[in-house]
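Take a look at the structure below.
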Amino acid sequence: MAGFLSTLRRIYLSLYNWTVFVGWFQVLYFAVKALREGGPTTVYGFVERPLQLAQTAAVMEILHGLVGLVRSPISATLPQIGSRLFLTWGILWSFPETRAHILVTSLVISWSITEIIRYSFFGMKEAFGFAPSWLLWLRYSTFLILYPTGITSEVGLICVAVPYIKASEKYCIRMPNKWNFSFDYFSASILALAIYIPGMFICIFFVYPSQAMCRKKLFSLSSDHITNIGRKSTHVPVYAWAAQEGSLQVKDG
Amino acid sequence: MKIILVSRSAKEVIKGGIELHDEATVSDLQEAIYARTKKFYPSRQRLTLPLQSGNQGKPVVLSPKKKLVEYCDGNAKTLTVVFKDLGVQVLYSTLFFWEYLGPLIIYPIFYYFPVYKYFGYEGERVIYPVQTYATCYWCLHYFKRIMETFFVHRFSHATSPLSNVFRNCAYYWTFGTYIAYHVNHPLYTPVSDLQMKIGFGFGLICQVSNLYCHLILRNLRSPVGNGGYQIPRGFLFNIVTCANYTTEIYQWLGFNIATQTIAGYVFLVVATLIMTNWALAKHRRLKKLFDGKDGRPRYPRRWVILPPFI
């Protein structure tokens with residue numbers, strides 16, 4: 001029974017990861033297509049649907065963490081998914097004035113490449129039990145550039161949207177009302193911007209150095225394949241979902 | 001006897017170990033470590049026995065009052081102890097004082113001072129009776145908490161990590177501001193007089209009950225503070241393990257019935273979730289400790305925190 005459930009889990013997670021991988025591949029494909037055909041201002045138009053689908057699908061990962069299907073701590077996944085959904089729906093979809101900005105291109109490229117690598121990595125592990133070392137290398141190396149570019153694009157686009165948010169009064173609830181509730185989307189956006197600061201602080205002083213240590217350890221062992229075994233791990237979680245990875249050990253021979 | 005002190009990565013923390021007399025207690029060891037390292041005062045030290053290889057269970061924590069020989073399993077001449085630095089520690093009373101001081105000061109600022117003109121609301125503010133009573137109720141609550149911290153509570157641990165000060169203050173101060181902003185707002189809509197009276201009346205009864213619960217809990221522990229756990233009895237503890245949390249939750253419910261803000265209810269929900277987590281752990285701990293074996297009493301069947309749900 002336990003074996004059956006664990007196989008079911010593997011099949012489900014393989015399907016999930018590869019499906020979302022395809023979604024993000026489409027995003028990158030259409031983004032490049034847009035750049036070649038219409039230029040940066042047209043990128044959003046080309047990628048809107050696959051971007052919304054692929055990004056919103058990530059909400060499933062919160063569920064996966066909650067029910068214990070994967071080992072990620074939701075305290076780490078929630079902020080990342082929160083910021084992604086905020087950008088996708090709360091900024092880009094809600095305020096069309098932002099869509100032609102050049103930062104949309106850098107945002108979409110950064111996100112799609114990161115996610116393509118990430119989902120294929122997990123897809124490989126769930127479906128085949130291992131991930132090729134070049135994919136592992138990509139995973140632990142590309143984030144060094146893609147996280148800064150991604151975060152800069154996110155923060156930048158929020159700043160671009162702020163004047164439109166303030167002027168439009170969209171999503172605002174004003175008092176007086178029976179439940180004495182108020183919500184100011186402009187203030188909430190400023191608060192979101194403020195949260196990026198401690199977030200970046202944590203990244204620079206905790207995540208980056210531990211990743212560097214991890215890379216040194218992993219890539220000083222040369223091997224063609226890296227397999228899953230047991231609980232002991234030589235790596236430190238990359239920015240949230242890596243706890244899902246469990247353990248890695250060099251295959252003998 | 002000789003104590004070999006290692007870190008969790010098996011490196012020696014004190015070269016050559018520590019020599020103590022055979023009847024030495026863990027507390028003597030803690031003092032010796034502090035004397036040798038100058039940095040790690042006893043409340044920063046977490047001392048455990050090394051985990052046996054293959055054993056994935058929780059490590060055995062050394063208890064300060066016990067003698068070191070009690071942890072030796074045969075060889076009474078040397079003992080290996082694993083050391084972990086818990087980081088800078090503050091007294092629990094310090095932690096509680098700072099986290100409660102914020103709401104006590106911030107809330108009245110929104111009531112007394114014309115802060116709302118900085119949010120764009122010019123002009124005179126009409127103050128309803130419920131807003132005045134709410135300010136009194138709120139301040140009374142946090143004043144009570146501070147008094148209990150210094151005169152009532154007996155803590156199971158003397159200290160808490162410094163980082164908790166920032167985390168807890170952020171929680172209390174942010175929610176305090178969030179609620180104060182809405183209850184004292186110039187466009188605040190009060191509830192009916194009856195609803196207000198029911199809310200505050202119920203809340204006050206629960207606050208008094210909460211104080212009584214704290215007094216009962218205090219008397220379970222001896223003044224020579226070393227923590228320890230007893231089965232709570234009397235008053236609401238006969239039906240629910242964490243009656244103190246129960247009364248605290250209902251007390252906030254009373255406040256919210258009287259003031260009716262989403263902000264207040266959000267705070268209530270979050271606080272309930274946090275306290276329920278604590279209550280489940282405490283209930284589990286008490287049931288495990290009082291298992292009815294070896295002359296120990298058996299923990300009676302009780303609700304955990306919120307009858308009839310849990």
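Residue numbering restarts at 1 for every chain of the structure tokens, chains are lettered A, B, ... in their displayed order, and ligands are numbered from 1 as they appear.
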- Message: Give me, as a list in words, the residues of chain B touching chain A, with the criterion being at most 7 Å (counting only C-alpha atoms).
- Response: His182, Leu187, Tyr188, Thr189, Gln260, Thr261 and Ile262 of chain B
Keeping only N, CA, C and O atoms, write the selected residues to a file as an mmCIF file, in the first residue's frame.
data_model
loop_
_atom_site.group_PDB
_atom_site.id
_atom_site.type_symbol
_atom_site.label_atom_id
_atom_site.label_comp_id
_atom_site.auth_asym_id
_atom_site.auth_seq_id
_atom_site.Cartn_x
_atom_site.Cartn_y
_atom_site.Cartn_z
ATOM 1 N N HIS B 182 -8.136 51.514 12.964
ATOM 2 C CA HIS B 182 -9.518 51.331 12.533
ATOM 3 C C HIS B 182 -10.535 51.681 13.594
ATOM 4 O O HIS B 182 -11.585 52.248 13.287
ATOM 5 N N LEU B 187 -14.103 57.974 10.474
ATOM 6 C CA LEU B 187 -15.279 57.421 9.814
ATOM 7 C C LEU B 187 -15.708 56.094 10.439
ATOM 8 O O LEU B 187 -16.368 55.284 9.798
ATOM 9 N N TYR B 188 -15.368 55.892 11.698
ATOM 10 C CA TYR B 188 -15.741 54.658 12.399
ATOM 11 C C TYR B 188 -17.256 54.587 12.587
ATOM 12 O O TYR B 188 -17.908 55.582 12.902
ATOM 13 N N THR B 189 -17.821 53.381 12.388
ATOM 14 C CA THR B 189 -19.265 53.170 12.578
ATOM 15 C C THR B 189 -19.474 52.305 13.818
ATOM 16 O O THR B 189 -19.130 51.119 13.816
ATOM 17 N N GLN B 260 -16.309 45.716 16.575
ATOM 18 C CA GLN B 260 -16.620 45.272 15.214
ATOM 19 C C GLN B 260 -15.713 45.856 14.136
ATOM 20 O O GLN B 260 -16.124 46.704 13.324
ATOM 21 N N THR B 261 -14.478 45.406 14.097
ATOM 22 C CA THR B 261 -13.585 45.752 12.984
ATOM 23 C C THR B 261 -13.016 44.462 12.409
ATOM 24 O O THR B 261 -12.768 43.511 13.146
ATOM 25 N N ILE B 262 -12.806 44.446 11.090
ATOM 26 C CA ILE B 262 -12.160 43.298 10.454
ATOM 27 C C ILE B 262 -10.752 43.136 11.027
ATOM 28 O O ILE B 262 -10.294 42.020 11.288
#
- Message: List the spatial neighbours of segment 170-173 of chain A as a list in words - criterion: any atom at most 6 Å away, only C-alpha atoms, same-chain residues fewer than 6 positions off excluded.
- Response: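 Residues meeting the cut-off are Ser182, Phe183, Asp184 and Tyr185 of chain A.
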- Message: So that I can see what lies close to segment 139-146 of chain A, please list as a list of chain:residue names the residues with an atom at most 7 Å from it, counting only C-alpha atoms and leaving out residues fewer than 2 positions away in the same chain.
- Response: A:Ser110, A:Thr114, A:Ile117, A:Arg118, A:Leu135, A:Leu136, A:Trp137, A:Pro148, A:Thr149, A:Gly150, A:Arg215
Hey, what's within 12 Å of Ser93 of chain B if we count only C-alpha atoms and toss same-chain stuff fewer than 2 positions away? As a PDB file with N, CA and C atoms, in the first residue's frame, please?
ATOM      1  N   GLN B  89      20.660  35.656  24.752  1.00  0.00           N
ATOM      2  CA  GLN B  89      19.396  35.383  25.432  1.00  0.00           C
ATOM      3  C   GLN B  89      18.916  36.620  26.177  1.00  0.00           C
ATOM      4  N   VAL B  90      17.590  36.761  26.268  1.00  0.00           N
ATOM      5  CA  VAL B  90      17.013  37.790  27.133  1.00  0.00           C
ATOM      6  C   VAL B  90      16.073  37.108  28.105  1.00  0.00           C
ATOM      7  N   LEU B  91      15.810  37.739  29.232  1.00  0.00           N
ATOM      8  CA  LEU B  91      14.845  37.195  30.183  1.00  0.00           C
ATOM      9  C   LEU B  91      13.470  37.217  29.545  1.00  0.00           C
ATOM     10  N   LEU B  95      11.361  40.168  27.370  1.00  0.00           N
ATOM     11  CA  LEU B  95      10.671  39.950  26.104  1.00  0.00           C
ATOM     12  C   LEU B  95       9.217  40.397  26.193  1.00  0.00           C
ATOM     13  N   PHE B  96       8.519  39.904  27.215  1.00  0.00           N
ATOM     14  CA  PHE B  96       7.103  40.221  27.362  1.00  0.00           C
ATOM     15  C   PHE B  96       6.893  41.711  27.583  1.00  0.00           C
ATOM     16  N   PHE B  97       7.742  42.325  28.398  1.00  0.00           N
ATOM     17  CA  PHE B  97       7.591  43.754  28.674  1.00  0.00           C
ATOM     18  C   PHE B  97       7.611  44.565  27.382  1.00  0.00           C
ATOM     19  N   TRP B  98       8.607  44.330  26.528  1.00  0.00           N
ATOM     20  CA  TRP B  98       8.740  45.128  25.304  1.00  0.00           C
ATOM     21  C   TRP B  98       7.617  44.837  24.315  1.00  0.00           C
ATOM     22  N   GLU B  99       7.205  43.564  24.224  1.00  0.00           N
ATOM     23  CA  GLU B  99       6.163  43.293  23.245  1.00  0.00           C
ATOM     24  C   GLU B  99       4.819  43.879  23.682  1.00  0.00           C
ATOM     25  N   TYR B 100       4.556  43.949  24.999  1.00  0.00           N
ATOM     26  CA  TYR B 100       3.292  44.504  25.472  1.00  0.00           C
ATOM     27  C   TYR B 100       3.310  46.024  25.574  1.00  0.00           C
ATOM     28  N   LEU B 101       4.497  46.602  25.726  1.00  0.00           N
ATOM     29  CA  LEU B 101       4.587  48.050  25.885  1.00  0.00           C
ATOM     30  C   LEU B 101       4.121  48.763  24.615  1.00  0.00           C
ATOM     31  N   ARG B 145      -1.340  42.443  31.426  1.00  0.00           N
ATOM     32  CA  ARG B 145      -0.330  41.504  30.948  1.00  0.00           C
ATOM     33  C   ARG B 145       1.050  41.834  31.501  1.00  0.00           C
ATOM     34  N   ILE B 146       1.397  43.120  31.533  1.00  0.00           N
ATOM     35  CA  ILE B 146       2.709  43.516  32.044  1.00  0.00           C
ATOM     36  C   ILE B 146       2.811  43.205  33.532  1.00  0.00           C
ATOM     37  N   MET B 147       1.743  43.478  34.274  1.00  0.00           N
ATOM     38  CA  MET B 147       1.752  43.172  35.711  1.00  0.00           C
ATOM     39  C   MET B 147       1.922  41.671  35.955  1.00  0.00           C
ATOM     40  N   GLU B 148       1.197  40.887  35.152  1.00  0.00           N
ATOM     41  CA  GLU B 148       1.310  39.433  35.300  1.00  0.00           C
ATOM     42  C   GLU B 148       2.721  38.964  35.006  1.00  0.00           C
ATOM     43  N   THR B 149       3.358  39.596  34.019  1.00  0.00           N
ATOM     44  CA  THR B 149       4.715  39.205  33.661  1.00  0.00           C
ATOM     45  C   THR B 149       5.651  39.343  34.850  1.00  0.00           C
ATOM     46  N   PHE B 150       5.499  40.419  35.598  1.00  0.00           N
ATOM     47  CA  PHE B 150       6.436  40.651  36.694  1.00  0.00           C
ATOM     48  C   PHE B 150       6.004  40.054  38.020  1.00  0.00           C
ATOM     49  N   PHE B 151       4.687  39.837  38.204  1.00  0.00           N
ATOM     50  CA  PHE B 151       4.241  39.423  39.533  1.00  0.00           C
ATOM     51  C   PHE B 151       3.533  38.079  39.587  1.00  0.00           C
ATOM     52  N   VAL B 152       3.136  37.555  38.442  1.00  0.00           N
ATOM     53  CA  VAL B 152       2.352  36.326  38.497  1.00  0.00           C
ATOM     54  C   VAL B 152       3.059  35.135  37.850  1.00  0.00           C
ATOM     55  N   HIS B 153       3.504  35.321  36.602  1.00  0.00           N
ATOM     56  CA  HIS B 153       3.992  34.160  35.855  1.00  0.00           C
ATOM     57  C   HIS B 153       5.248  33.558  36.447  1.00  0.00           C
ATOM     58  N   ARG B 154       5.319  32.203  36.390  1.00  0.00           N
ATOM     59  CA  ARG B 154       6.574  31.502  36.713  1.00  0.00           C
ATOM     60  C   ARG B 154       6.957  30.747  35.458  1.00  0.00           C
ATOM     61  N   PHE B 155       8.077  31.139  34.850  1.00  0.00           N
ATOM     62  CA  PHE B 155       8.412  30.633  33.523  1.00  0.00           C
ATOM     63  C   PHE B 155       9.120  29.288  33.558  1.00  0.00           C
ATOM     64  N   HIS B 157      11.179  28.316  31.170  1.00  0.00           N
ATOM     65  CA  HIS B 157      12.564  28.634  30.827  1.00  0.00           C
ATOM     66  C   HIS B 157      12.824  30.064  31.275  1.00  0.00           C
ATOM     67  N   ALA B 158      14.026  30.341  31.778  1.00  0.00           N
ATOM     68  CA  ALA B 158      14.294  31.701  32.250  1.00  0.00           C
ATOM     69  C   ALA B 158      14.437  32.668  31.091  1.00  0.00           C
ATOM     70  N   THR B 159      14.978  32.165  29.946  1.00  0.00           N
ATOM     71  CA  THR B 159      15.341  33.088  28.873  1.00  0.00           C
ATOM     72  C   THR B 159      14.791  32.667  27.520  1.00  0.00           C
ATOM     73  N   SER B 160      14.898  33.592  26.583  1.00  0.00           N
ATOM     74  CA  SER B 160      14.435  33.384  25.223  1.00  0.00           C
ATOM     75  C   SER B 160      15.454  34.044  24.291  1.00  0.00           C
ATOM     76  N   VAL B 165      12.624  38.852  20.368  1.00  0.00           N
ATOM     77  CA  VAL B 165      12.177  40.200  20.730  1.00  0.00           C
ATOM     78  C   VAL B 165      11.697  40.920  19.478  1.00  0.00           C
TER      79      VAL B 165
END
Would you tabulate, counting only C-alpha atoms, all residues of segment 59-120 of chain A that have an atom at most 12 Å from an atom of segment 198-206 of chain A, showing the closest pair of atoms and their distance in Å to one decimal, sorted by chain then ascending number, as a Markdown table?
| residue | atom | partner | partner_atom | distance |
| --- | --- | --- | --- | --- |
| A:Ala76 | CA | A:Gly199 | CA | 10.9 |
| A:Pro79 | CA | A:Gly199 | CA | 9.2 |
| A:Gln80 | CA | A:Gly199 | CA | 9.9 |
| A:Ser83 | CA | A:Gly199 | CA | 11.1 |
- Query: What is the distance between atom CA of Gly87 of chain B and atom CA of Leu162 of chain B, in Å to one decimal?
  - Reply: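 Atom-to-atom, atom CA of Gly87 of chain B to atom CA of Leu162 of chain B, that is 7.5 Å.
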